[in-house]
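Q: query-v4.cif (mmCIF, C-alpha atoms and all ligand atoms) pasted underneath:
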data_target
#
loop_
_atom_site.label_atom_id
_atom_site.label_comp_id
_atom_site.auth_asym_id
_atom_site.auth_seq_id
_atom_site.Cartn_x
_atom_site.Cartn_y
_atom_site.Cartn_z
CA MET A 28 -216.08 54.92 -34.90
CA ASP A 29 -213.67 52.05 -34.66
CA PHE A 30 -209.96 51.56 -34.44
CA CYS A 31 -209.43 51.26 -38.19
CA HIS A 32 -210.23 54.94 -38.75
CA LEU A 33 -207.21 57.07 -39.57
CA VAL A 34 -208.05 59.74 -36.99
CA THR A 35 -207.91 57.34 -34.05
CA ARG A 36 -205.26 56.90 -31.40
CA GLN A 37 -205.26 53.21 -32.22
CA GLN A 38 -204.04 54.05 -35.71
CA GLN A 39 -201.38 56.46 -34.46
CA LYS A 40 -200.21 56.58 -30.85
CA GLU A 41 -198.07 59.72 -31.12
CA ASN A 42 -199.68 63.14 -31.44
CA THR A 43 -199.75 64.52 -34.94
CA ASN A 44 -197.61 67.63 -35.19
CA PHE A 45 -196.42 69.73 -38.08
CA ARG A 46 -195.02 73.09 -38.95
CA VAL A 47 -196.93 76.04 -40.30
CA GLY A 48 -194.33 78.62 -41.23
CA SER A 49 -192.00 78.58 -38.28
CA SER A 50 -194.70 77.56 -35.81
CA LEU A 51 -195.20 74.05 -34.52
CA VAL A 52 -198.76 72.84 -34.24
CA GLY A 53 -199.59 69.97 -31.90
CA ASP A 54 -196.29 70.06 -30.07
CA ARG A 55 -195.15 71.60 -26.77
CA PRO A 56 -195.58 75.21 -27.98
CA ILE A 57 -199.15 76.46 -27.82
CA VAL A 58 -200.15 78.01 -31.12
CA ILE A 59 -202.05 81.30 -31.04
CA MET A 60 -204.12 82.33 -34.05
CA ALA A 61 -205.54 85.83 -33.80
CA GLY A 62 -207.14 88.48 -35.93
CA PRO A 63 -210.45 90.03 -36.88
CA CYS A 64 -213.55 88.06 -37.75
CA ALA A 65 -213.49 89.59 -41.22
CA VAL A 66 -210.82 91.36 -43.25
CA GLU A 67 -212.19 94.92 -43.56
CA ASN A 68 -209.42 97.07 -44.99
CA ARG A 69 -205.72 97.03 -45.62
CA GLU A 70 -204.50 99.71 -43.21
CA ASP A 71 -206.36 98.34 -40.19
CA LEU A 72 -205.35 94.76 -40.84
CA ILE A 73 -201.66 95.47 -41.38
CA GLY A 74 -201.58 97.68 -38.26
CA LEU A 75 -203.37 95.01 -36.23
CA ALA A 76 -201.19 92.18 -37.54
CA LEU A 77 -198.03 94.00 -36.44
CA GLN A 78 -199.51 94.52 -32.97
CA LEU A 79 -200.62 90.90 -32.70
CA ARG A 80 -197.19 89.63 -33.69
CA GLN A 81 -195.62 91.96 -31.16
CA SER A 82 -197.90 90.53 -28.47
CA GLY A 83 -196.86 86.98 -29.33
CA ALA A 84 -199.46 85.72 -31.80
CA HIS A 85 -198.17 83.14 -34.29
CA ILE A 86 -200.78 82.94 -37.02
CA LEU A 87 -203.01 85.68 -38.44
CA ARG A 88 -206.68 84.95 -39.00
CA GLY A 89 -209.25 86.90 -40.99
CA GLY A 90 -212.28 85.98 -43.06
CA ALA A 91 -212.68 87.02 -46.67
CA PHE A 92 -215.65 84.73 -47.36
CA LYS A 93 -218.00 85.00 -44.39
CA PRO A 94 -220.82 82.57 -43.69
CA ARG A 95 -223.35 85.06 -42.26
CA THR A 96 -226.72 84.08 -40.86
CA SER A 97 -228.38 86.89 -42.81
CA PRO A 98 -227.54 87.34 -46.51
CA TYR A 99 -227.80 91.10 -45.91
CA SER A 100 -224.92 91.16 -43.41
CA PHE A 101 -221.36 91.92 -44.49
CA CYS A 102 -220.24 88.76 -46.27
CA GLY A 103 -216.56 89.60 -46.65
CA LEU A 104 -214.37 91.21 -49.28
CA GLY A 105 -213.80 88.02 -51.26
CA VAL A 106 -210.58 87.81 -53.25
CA GLU A 107 -209.66 91.39 -52.29
CA GLY A 108 -209.81 90.26 -48.66
CA LEU A 109 -207.54 87.32 -49.40
CA LYS A 110 -204.98 89.67 -50.95
CA ILE A 111 -205.08 92.02 -47.97
CA LEU A 112 -204.78 89.08 -45.55
CA ALA A 113 -201.77 87.68 -47.39
CA ALA A 114 -200.15 91.14 -47.42
CA ALA A 115 -200.72 91.54 -43.67
CA GLY A 116 -199.29 88.08 -43.09
CA GLN A 117 -196.19 89.04 -45.06
CA ALA A 118 -195.83 92.39 -43.32
CA SER A 119 -195.99 90.78 -39.88
CA GLY A 120 -194.17 87.56 -40.69
CA MET A 121 -197.15 85.39 -39.80
CA PRO A 122 -198.77 82.60 -41.81
CA VAL A 123 -202.48 83.16 -42.41
CA VAL A 124 -205.64 81.12 -41.88
CA THR A 125 -208.89 81.90 -43.65
CA GLU A 126 -212.16 80.16 -44.37
CA VAL A 127 -213.01 78.46 -47.62
CA MET A 128 -216.79 78.24 -47.87
CA ASP A 129 -217.19 76.49 -51.18
CA ALA A 130 -215.21 73.89 -53.08
CA ARG A 131 -215.47 76.14 -56.16
CA ASP A 132 -213.34 78.78 -54.36
CA LEU A 133 -210.74 76.34 -53.11
CA GLU A 134 -208.02 76.98 -55.66
CA MET A 135 -208.30 80.73 -55.17
CA VAL A 136 -208.31 80.56 -51.36
CA ALA A 137 -205.44 78.06 -51.33
CA ALA A 138 -203.36 80.47 -53.41
CA TYR A 139 -203.34 82.94 -50.46
CA ALA A 140 -203.93 80.86 -47.32
CA ASP A 141 -201.36 78.93 -45.31
CA ILE A 142 -204.15 77.09 -43.46
CA LEU A 143 -207.58 76.42 -44.94
CA GLN A 144 -210.43 76.87 -42.48
CA VAL A 145 -213.56 74.77 -42.85
CA GLY A 146 -216.21 76.58 -40.82
CA SER A 147 -218.73 75.16 -38.42
CA ARG A 148 -221.56 75.40 -40.91
CA ASN A 149 -219.59 73.37 -43.42
CA MET A 150 -218.31 70.66 -41.11
CA GLN A 151 -220.39 68.07 -42.90
CA ASN A 152 -220.01 69.48 -46.39
CA PHE A 153 -218.50 66.21 -47.55
CA THR A 154 -217.58 67.47 -51.01
CA LEU A 155 -215.62 70.33 -49.47
CA LEU A 156 -213.95 67.96 -46.99
CA GLN A 157 -212.86 65.66 -49.80
CA GLU A 158 -211.54 68.59 -51.82
CA VAL A 159 -209.49 70.11 -48.98
CA GLY A 160 -208.23 66.58 -48.40
CA LYS A 161 -206.52 66.76 -51.78
CA VAL A 162 -204.76 70.06 -51.13
CA ASN A 163 -201.24 70.27 -49.76
CA LYS A 164 -202.14 72.73 -46.96
CA PRO A 165 -203.14 72.18 -43.33
CA VAL A 166 -206.87 72.33 -42.62
CA LEU A 167 -208.53 73.90 -39.58
CA LEU A 168 -211.75 71.95 -39.09
CA LYS A 169 -214.23 73.69 -36.81
CA ARG A 170 -216.77 71.65 -34.92
CA GLY A 171 -220.29 71.83 -36.33
CA LEU A 172 -222.85 73.87 -34.41
CA SER A 173 -224.61 70.72 -33.25
CA ALA A 174 -222.09 68.03 -34.11
CA THR A 175 -221.18 65.23 -31.75
CA ILE A 176 -217.52 64.49 -31.16
CA GLU A 177 -217.85 61.36 -33.28
CA GLU A 178 -219.44 63.24 -36.19
CA TRP A 179 -216.65 65.78 -35.99
CA LEU A 180 -213.95 63.12 -36.03
CA MET A 181 -215.68 61.43 -38.97
CA ALA A 182 -215.59 64.76 -40.81
CA ALA A 183 -211.83 64.86 -40.15
CA GLU A 184 -211.64 61.28 -41.40
CA TYR A 185 -212.87 62.45 -44.81
CA ILE A 186 -209.89 64.81 -45.05
CA LEU A 187 -207.36 62.21 -43.91
CA ALA A 188 -208.88 59.57 -46.17
CA ALA A 189 -208.47 61.92 -49.13
CA GLY A 190 -204.75 62.13 -48.37
CA ASN A 191 -204.29 65.18 -46.15
CA SER A 192 -203.12 64.29 -42.64
CA ARG A 193 -202.49 67.86 -41.50
CA VAL A 194 -205.80 68.55 -39.77
CA ILE A 195 -206.28 70.81 -36.75
CA LEU A 196 -209.58 70.43 -34.90
CA CYS A 197 -211.20 73.52 -33.41
CA GLU A 198 -213.76 73.44 -30.59
CA ARG A 199 -215.82 76.60 -31.13
CA GLY A 200 -218.80 75.99 -28.89
CA ILE A 201 -221.97 74.04 -29.50
CA ARG A 202 -225.67 74.84 -29.43
CA THR A 203 -227.27 74.28 -26.05
CA PHE A 204 -230.40 75.60 -24.31
CA GLU A 205 -228.32 78.48 -22.92
CA THR A 206 -228.88 81.85 -24.59
CA PHE A 207 -226.78 84.15 -22.40
CA THR A 208 -223.75 82.99 -24.34
CA ARG A 209 -223.76 82.62 -28.12
CA ASN A 210 -222.72 78.96 -27.82
CA THR A 211 -221.45 76.74 -25.03
CA LEU A 212 -217.74 75.94 -25.00
CA ASP A 213 -217.52 72.18 -24.65
CA ILE A 214 -214.41 71.95 -22.50
CA SER A 215 -214.83 68.18 -22.19
CA ALA A 216 -214.41 67.85 -25.94
CA ILE A 217 -210.74 68.80 -25.56
CA PRO A 218 -209.57 65.89 -23.37
CA SER A 219 -212.07 63.62 -25.16
CA ILE A 220 -210.45 64.37 -28.52
CA LYS A 221 -207.01 63.83 -26.94
CA GLU A 222 -208.12 60.40 -25.82
CA LEU A 223 -209.78 59.40 -29.09
CA SER A 224 -207.47 60.98 -31.63
CA HIS A 225 -203.89 61.97 -32.37
CA LEU A 226 -204.95 65.19 -34.11
CA PRO A 227 -204.15 68.59 -32.59
CA ILE A 228 -207.07 70.48 -31.12
CA ILE A 229 -207.41 74.20 -30.50
CA ALA A 230 -210.23 76.21 -28.91
CA ASP A 231 -212.09 79.29 -30.12
CA PRO A 232 -213.48 81.05 -27.04
CA SER A 233 -214.64 83.98 -29.19
CA HIS A 234 -217.33 82.15 -31.15
CA ALA A 235 -217.96 79.85 -28.20
CA SER A 236 -219.05 82.72 -25.95
CA GLY A 237 -220.00 85.61 -28.23
CA ARG A 238 -218.86 87.91 -25.40
CA TRP A 239 -215.41 89.43 -25.20
CA GLU A 240 -215.46 89.48 -21.38
CA LEU A 241 -215.62 85.68 -21.36
CA VAL A 242 -212.83 85.12 -23.86
CA ASN A 243 -209.96 85.46 -21.38
CA PRO A 244 -211.25 82.96 -18.76
CA LEU A 245 -212.43 80.48 -21.41
CA ALA A 246 -209.09 80.67 -23.20
CA LYS A 247 -207.35 79.78 -19.95
CA ALA A 248 -209.78 76.94 -19.26
CA ALA A 249 -209.15 75.49 -22.72
CA ILE A 250 -205.38 75.59 -22.29
CA ALA A 251 -205.68 74.04 -18.82
CA ALA A 252 -207.80 71.26 -20.36
CA GLY A 253 -205.05 70.44 -22.84
CA ALA A 254 -205.82 72.48 -25.95
CA ASP A 255 -202.88 72.85 -28.34
CA GLY A 256 -203.78 76.39 -29.20
CA LEU A 257 -206.35 79.15 -29.44
CA LEU A 258 -208.22 81.06 -32.10
CA ILE A 259 -209.02 84.55 -30.82
CA GLU A 260 -210.90 87.34 -32.55
CA VAL A 261 -209.23 90.72 -32.14
CA HIS A 262 -210.35 94.02 -33.67
CA PRO A 263 -208.73 97.46 -33.37
CA HIS A 264 -212.19 99.00 -32.65
CA PRO A 265 -214.62 96.22 -31.71
CA GLU A 266 -217.57 98.61 -31.52
CA GLU A 267 -217.09 99.44 -35.21
CA ALA A 268 -216.43 95.88 -36.42
CA LEU A 269 -218.44 94.75 -39.45
CA SER A 270 -218.88 91.32 -37.86
CA ASP A 271 -218.56 89.78 -34.40
CA GLY A 272 -217.56 93.01 -32.61
CA PRO A 273 -219.16 91.97 -29.30
CA GLN A 274 -216.84 88.95 -29.02
CA SER A 275 -213.69 90.68 -30.23
CA LEU A 276 -210.85 91.61 -27.91
CA THR A 277 -209.07 94.93 -28.26
CA PRO A 278 -205.34 94.64 -28.93
CA VAL A 279 -204.73 95.73 -25.33
CA ASN A 280 -206.90 92.94 -23.95
CA PHE A 281 -205.25 90.46 -26.29
CA THR A 282 -201.82 91.49 -25.00
CA ARG A 283 -203.05 91.03 -21.44
CA LEU A 284 -204.39 87.57 -22.25
CA MET A 285 -201.05 86.54 -23.76
CA ALA A 286 -199.21 87.68 -20.62
CA GLU A 287 -201.64 85.83 -18.37
CA LEU A 288 -201.41 82.63 -20.39
CA LYS A 289 -197.65 82.42 -19.96
CA PRO A 290 -197.50 81.13 -16.36
CA LEU A 291 -200.43 78.82 -17.07
CA ALA A 292 -198.65 77.29 -20.06
CA SER A 293 -195.48 76.69 -18.08
CA ALA A 294 -197.45 75.17 -15.18
CA ILE A 295 -198.64 72.43 -17.54
CA GLY A 296 -195.27 71.92 -19.20
CA ARG A 297 -195.97 73.93 -22.33
CA THR A 298 -194.80 77.22 -23.72
CA LEU A 299 -196.20 80.16 -25.68
CA GLU A 300 -192.91 80.72 -27.43
CA GLN A 301 -192.54 79.19 -30.83
CA PRO A 302 -189.09 78.56 -32.27
CA SER A 303 -188.36 81.58 -34.46
C1 LIG B 1 -215.04 82.27 -37.97
O1 LIG B 1 -214.05 81.69 -37.48
O2 LIG B 1 -215.00 83.43 -38.36
C2 LIG B 1 -216.33 81.56 -38.04
C3 LIG B 1 -217.28 81.94 -38.89
O3 LIG B 1 -216.43 80.58 -37.15
P1 LIG B 1 -217.48 79.36 -37.03
O4 LIG B 1 -217.44 78.63 -38.34
O5 LIG B 1 -216.93 78.59 -35.89
O6 LIG B 1 -218.82 79.97 -36.75
MN MN B 2 -216.37 85.56 -36.35
#
Can the structure in the file be given as structure tokens, please?
A:
Amino acid sequence: MDFCHLVTRQQQKENTNFRVGSSLVGDRPIVIMAGPCAVENREDLIGLALQLRQSGAHILRGGAFKPRTSPYSFCGLGVEGLKILAAAGQASGMPVVTEVMDARDLEMVAAYADILQVGSRNMQNFTLLQEVGKVNKPVLLKRGLSATIEEWLMAAEYILAAGNSRVILCERGIRTFETFTRNTLDISAIPSIKELSHLPIIADPSHASGRWELVNPLAKAAIAAGADGLLIEVHPHPEEALSDGPQSLTPVNFTRLMAELKPLASAIGRTLEQPS
């Protein structure tokens, strides 16, 4: 990677920041995206979204197209899931982020999503990167399962080169020899990205750990290391979740995390409050 790439600090000294709804991404306020792994049904999601908003979340997440390891696992509700997600976003006053798995679905997903998520498994789907680069919506680009920081930034470069400069990077853990945790949260990626790039970076301690008990401490570590936000999986009944229950916080534990993050944010000169 050299200094002529659009993602680099050399190309742009100031941090990239932009609005999503009323929330600022990449600025002093820390942005909290929360919600279930997958959209499951309307009642649960609307109820959860209202609770999350109440607890201080800014952006609602939920997958409608799920990249599952097994084709026999629950793969999401598709367009019905997008509709439910958009309705829950409206009901709670939060913008929504959801994954687009395939360039063929992009127009449909973009019709409902405020932020387009490119998942880990698609980080080097260059066709998809070029296509989301042409859309007038922010993109959440998750780090590939085994991608180096440079490969990840080059993936972001595809999106910027196609004309879309509103990219949020998401460190979601990488494959290591460790099996106790689902992945290994690469904390060092956060300050490394800050040094190399002007793009905002958030952390996803849910997929990074695969264990809900680890989400709270890892979330704090990520914020302390300079992350601009968090992506947290929350489910009203994790034990009944159709995907990623073991890593999902209950609403009560999410509320506790938000309260505990507050003093940490202010200690590093940031805030959890977004301008309303
Ligand atoms: C997700 O956010 O639901 C997801 C599938 O994450 P990742 O692409 O990081 O595995
Ligand atoms: Mn998940």
Q: Please identify the residues whose atoms come within 7 Å of ligand MN 2 (chain B), using only C-alpha atoms and all ligand atoms, and report them as a count of residues only.
A: 6
Q: Which centre and edge lengths in Å to one decimal define the box along x, y and z that fits every listed atom of stretch 269-272 of chain A plus 3 Å per side, as AutoDock Vina command-line options?
A:
--center_x -218.2 --center_y 92.3 --center_z -36.0 --size_x 7.3 --size_y 11.0 --size_z 12.8
Q: Point out the residue among A:Val279, A:Ile57, A:Met28, A:Ala216 with the least atom-to-atom distance to A:Ser293, counting only C-alpha atoms.
A: A:Ile57
Q: Please, what distance in Å, to one decimal, runs between atom CA of A:Lys93 and atom CA of A:Ala188?
A: 27.1 Å
Q: Closest to ligand LIG 1 (chain B) among A:Val47, A:Val66, A:Met121, A:Val106, using all atoms listed in the file?
A: A:Val66
Q: Neighbouring residues of ligand LIG 1 (chain B) are defined here as those with any atom at most 9 Å from a ligand atom, counting all atoms listed in the file; list them as an MDAnalysis selection string.
A: chainID A and resid 63:65 88:90 93:95 125:126 144:150 168:172 197:200 231 233:235 258:260 270:271
Q: Suppose you want the space between atom CA of A:Phe30 and atom CA of A:Pro218; what is it in Å?
A: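 Distance reported for this atom pair: 18.1 Å.
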Q: Near A:Arg80, counting all atoms listed in the file, which residues have an atom at most 8 Å away, once you skip same-chain residues fewer than 3 positions from it, shown as JSON, numbers by chain?
A: {"A": [76, 77, 83, 84, 85, 119, 120, 121]}
Q: Go ahead and write the residues just picked, C-alpha atoms, as a PDB file, in the coordinates of the input.
A:
ATOM      1  CA  ALA A  76    -201.190  92.180 -37.540  1.00  0.00           C
ATOM      2  CA  LEU A  77    -198.030  94.000 -36.440  1.00  0.00           C
ATOM      3  CA  GLY A  83    -196.860  86.980 -29.330  1.00  0.00           C
ATOM      4  CA  ALA A  84    -199.460  85.720 -31.800  1.00  0.00           C
ATOM      5  CA  HIS A  85    -198.170  83.140 -34.290  1.00  0.00           C
ATOM      6  CA  SER A 119    -195.990  90.780 -39.880  1.00  0.00           C
ATOM      7  CA  GLY A 120    -194.170  87.560 -40.690  1.00  0.00           C
ATOM      8  CA  MET A 121    -197.150  85.390 -39.800  1.00  0.00           C
TER       9      MET A 121
END
Q: Just want the 10 Å neighbourhood of A:Asp71, counted on only C-alpha atoms, with same-chain residues fewer than 6 positions away dropped. Output as a short mmCIF file (atom, residue, chain, number, x, y, z; two decimals) with C-alpha atoms, in the frame of the given file.
A:
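Listed below is the output, part11.cif:
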data_model
loop_
_atom_site.label_atom_id
_atom_site.label_comp_id
_atom_site.auth_asym_id
_atom_site.auth_seq_id
_atom_site.Cartn_x
_atom_site.Cartn_y
_atom_site.Cartn_z
CA PRO A 63 -210.45 90.03 -36.88
CA ALA A 115 -200.72 91.54 -43.67
CA HIS A 262 -210.35 94.02 -33.67
CA PRO A 263 -208.73 97.46 -33.37
CA HIS A 264 -212.19 99.00 -32.65
#
Q: When you count all atoms listed in the file, which of these residues is closest to A:Gly74: A:Thr206, A:Leu291, A:Val136, A:Gly62?
A: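 Smallest separation from A:Gly74 among the options: A:Gly62.
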Q: Is it possible to get the residues within 12 Å of (-212.8, 52.4, -37.0) (coordinates as in the file, counting only C-alpha atoms) written as a ChimeraX atom specification?
A: /A:28-38,177,180-181,184,223-224
Q: How about saving the chosen residues, C-alpha atoms kept, as a PDB file, in the frame of the given file?
A:
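Output below, filename result.pdb:
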ATOM      1  CA  MET A  28    -216.080  54.920 -34.900  1.00  0.00           C
ATOM      2  CA  ASP A  29    -213.670  52.050 -34.660  1.00  0.00           C
ATOM      3  CA  PHE A  30    -209.960  51.560 -34.440  1.00  0.00           C
ATOM      4  CA  CYS A  31    -209.430  51.260 -38.190  1.00  0.00           C
ATOM      5  CA  HIS A  32    -210.230  54.940 -38.750  1.00  0.00           C
ATOM      6  CA  LEU A  33    -207.210  57.070 -39.570  1.00  0.00           C
ATOM      7  CA  VAL A  34    -208.050  59.740 -36.990  1.00  0.00           C
ATOM      8  CA  THR A  35    -207.910  57.340 -34.050  1.00  0.00           C
ATOM      9  CA  ARG A  36    -205.260  56.900 -31.400  1.00  0.00           C
ATOM     10  CA  GLN A  37    -205.260  53.210 -32.220  1.00  0.00           C
ATOM     11  CA  GLN A  38    -204.040  54.050 -35.710  1.00  0.00           C
ATOM     12  CA  GLU A 177    -217.850  61.360 -33.280  1.00  0.00           C
ATOM     13  CA  LEU A 180    -213.950  63.120 -36.030  1.00  0.00           C
ATOM     14  CA  MET A 181    -215.680  61.430 -38.970  1.00  0.00           C
ATOM     15  CA  GLU A 184    -211.640  61.280 -41.400  1.00  0.00           C
ATOM     16  CA  LEU A 223    -209.780  59.400 -29.090  1.00  0.00           C
ATOM     17  CA  SER A 224    -207.470  60.980 -31.630  1.00  0.00           C
TER      18      SER A 224
END
Q: Nearest to A:Tyr99 among A:Thr277, A:Leu269, A:Ala246, A:Asn210, with distances taken over only C-alpha atoms: which residue is it?
A: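 Closest candidate: A:Leu269.
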Q: Calculated over all atoms listed in the file, which of the candidates A:Gly190, A:Pro227, A:Pro98, A:Pro122 has the smallest distance to A:Thr43?
A: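 Of all the options, A:Pro227 lies closest to A:Thr43.
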Q: Counting all atoms listed in the file, figure out which residue out of A:Leu288, A:Ile229, A:Ala91, A:Ala294 gets nearest to A:Asn243.
A: A:Leu288
Q: Please provide as a list in words all residues within 10 Å of A:Ala138, with the sequence filter that same-chain residues fewer than 3 positions apart are discarded (counting all atoms listed in the file).
A: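 Once the adjacent positions are removed, what remains is Leu109, Lys110, Ala113, Leu133, Glu134, Met135 and Asp141 of chain A.
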Q: If I take atom CA of A:Ala114 and atom CA of A:Ala140, how far is one from the other in Å, to one decimal?
A: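 Separating atom CA of A:Ala114 from atom CA of A:Ala140 is a distance of 11.0 Å.
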Q: Could you give me, as an mmCIF file with C-alpha atoms, in the coordinates of the input, the residues within 7 Å of A:Leu143, counting only C-alpha atoms and dropping anything in the same chain fewer than 4 positions from it?
A:
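Once everything was written out, this is result.cif:
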data_model
loop_
_atom_site.group_PDB
_atom_site.id
_atom_site.type_symbol
_atom_site.label_atom_id
_atom_site.label_comp_id
_atom_site.auth_asym_id
_atom_site.auth_seq_id
_atom_site.Cartn_x
_atom_site.Cartn_y
_atom_site.Cartn_z
ATOM 1 C CA VAL A 124 -205.640 81.120 -41.880
ATOM 2 C CA THR A 125 -208.890 81.900 -43.650
ATOM 3 C CA GLU A 126 -212.160 80.160 -44.370
ATOM 4 C CA VAL A 127 -213.010 78.460 -47.620
ATOM 5 C CA ALA A 137 -205.440 78.060 -51.330
ATOM 6 C CA LYS A 164 -202.140 72.730 -46.960
ATOM 7 C CA PRO A 165 -203.140 72.180 -43.330
ATOM 8 C CA VAL A 166 -206.870 72.330 -42.620
ATOM 9 C CA LEU A 167 -208.530 73.900 -39.580
#
Q: Need to verify the contact set: A:Arg283, 12 Å, only C-alpha atoms, exclusion of same-chain residues closer than 2 positions in sequence. Can you return it as a list in words?
A: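 Within the cut-off, the hits are Leu79, Ser82, Gly83, Val242, Asn243, Pro244, Leu276, Thr277, Pro278, Val279, Asn280, Phe281, Met285, Ala286, Glu287, Leu288 and Lys289 of chain A.
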Q: With N, CA, C and O atoms as the goal, would you fill in the gaps in stretch 212-224 of chain A and present it as a CSV table (one decimal), keeping the file's coordinate frame?
A:
chain,number,residue,atom,x,y,z
A,212,LEU,N,-219.0,76.6,-24.8
A,212,LEU,CA,-217.7,75.9,-25.0
A,212,LEU,C,-217.7,74.6,-24.4
A,212,LEU,O,-217.9,74.4,-23.1
A,213,ASP,N,-217.5,73.6,-25.2
A,213,ASP,CA,-217.5,72.2,-24.6
A,213,ASP,C,-216.1,71.8,-24.3
A,213,ASP,O,-215.3,71.3,-25.0
A,214,ILE,N,-215.8,72.2,-23.0
A,214,ILE,CA,-214.4,72.0,-22.5
A,214,ILE,C,-214.1,70.5,-22.5
A,214,ILE,O,-213.0,70.0,-22.9
A,215,SER,N,-215.1,69.6,-22.3
A,215,SER,CA,-214.8,68.2,-22.2
A,215,SER,C,-214.5,67.6,-23.5
A,215,SER,O,-213.9,66.5,-23.6
A,216,ALA,N,-214.8,68.3,-24.6
A,216,ALA,CA,-214.4,67.8,-25.9
A,216,ALA,C,-212.9,67.8,-26.1
A,216,ALA,O,-212.3,67.0,-26.8
A,217,ILE,N,-212.2,68.7,-25.4
A,217,ILE,CA,-210.7,68.8,-25.6
A,217,ILE,C,-210.0,67.5,-25.1
A,217,ILE,O,-209.4,66.9,-25.9
A,218,PRO,N,-210.2,67.2,-23.8
A,218,PRO,CA,-209.6,65.9,-23.4
A,218,PRO,C,-210.2,64.7,-24.1
A,218,PRO,O,-209.5,63.6,-24.2
A,219,SER,N,-211.5,64.8,-24.5
A,219,SER,CA,-212.1,63.6,-25.2
A,219,SER,C,-211.4,63.4,-26.5
A,219,SER,O,-211.0,62.3,-26.9
A,220,ILE,N,-211.1,64.5,-27.2
A,220,ILE,CA,-210.4,64.4,-28.5
A,220,ILE,C,-209.0,63.8,-28.3
A,220,ILE,O,-208.5,63.0,-29.0
A,221,LYS,N,-208.4,64.3,-27.2
A,221,LYS,CA,-207.0,63.8,-26.9
A,221,LYS,C,-207.0,62.3,-26.7
A,221,LYS,O,-206.0,61.6,-27.0
A,222,GLU,N,-208.1,61.8,-26.1
A,222,GLU,CA,-208.1,60.4,-25.8
A,222,GLU,C,-208.4,59.6,-27.1
A,222,GLU,O,-207.8,58.6,-27.4
A,223,LEU,N,-209.3,60.2,-27.9
A,223,LEU,CA,-209.8,59.4,-29.1
A,223,LEU,C,-208.9,59.5,-30.3
A,223,LEU,O,-208.8,58.7,-31.2
A,224,SER,N,-208.2,60.7,-30.4
A,224,SER,CA,-207.5,61.0,-31.6
A,224,SER,C,-206.1,61.5,-31.4
A,224,SER,O,-205.8,62.0,-30.3
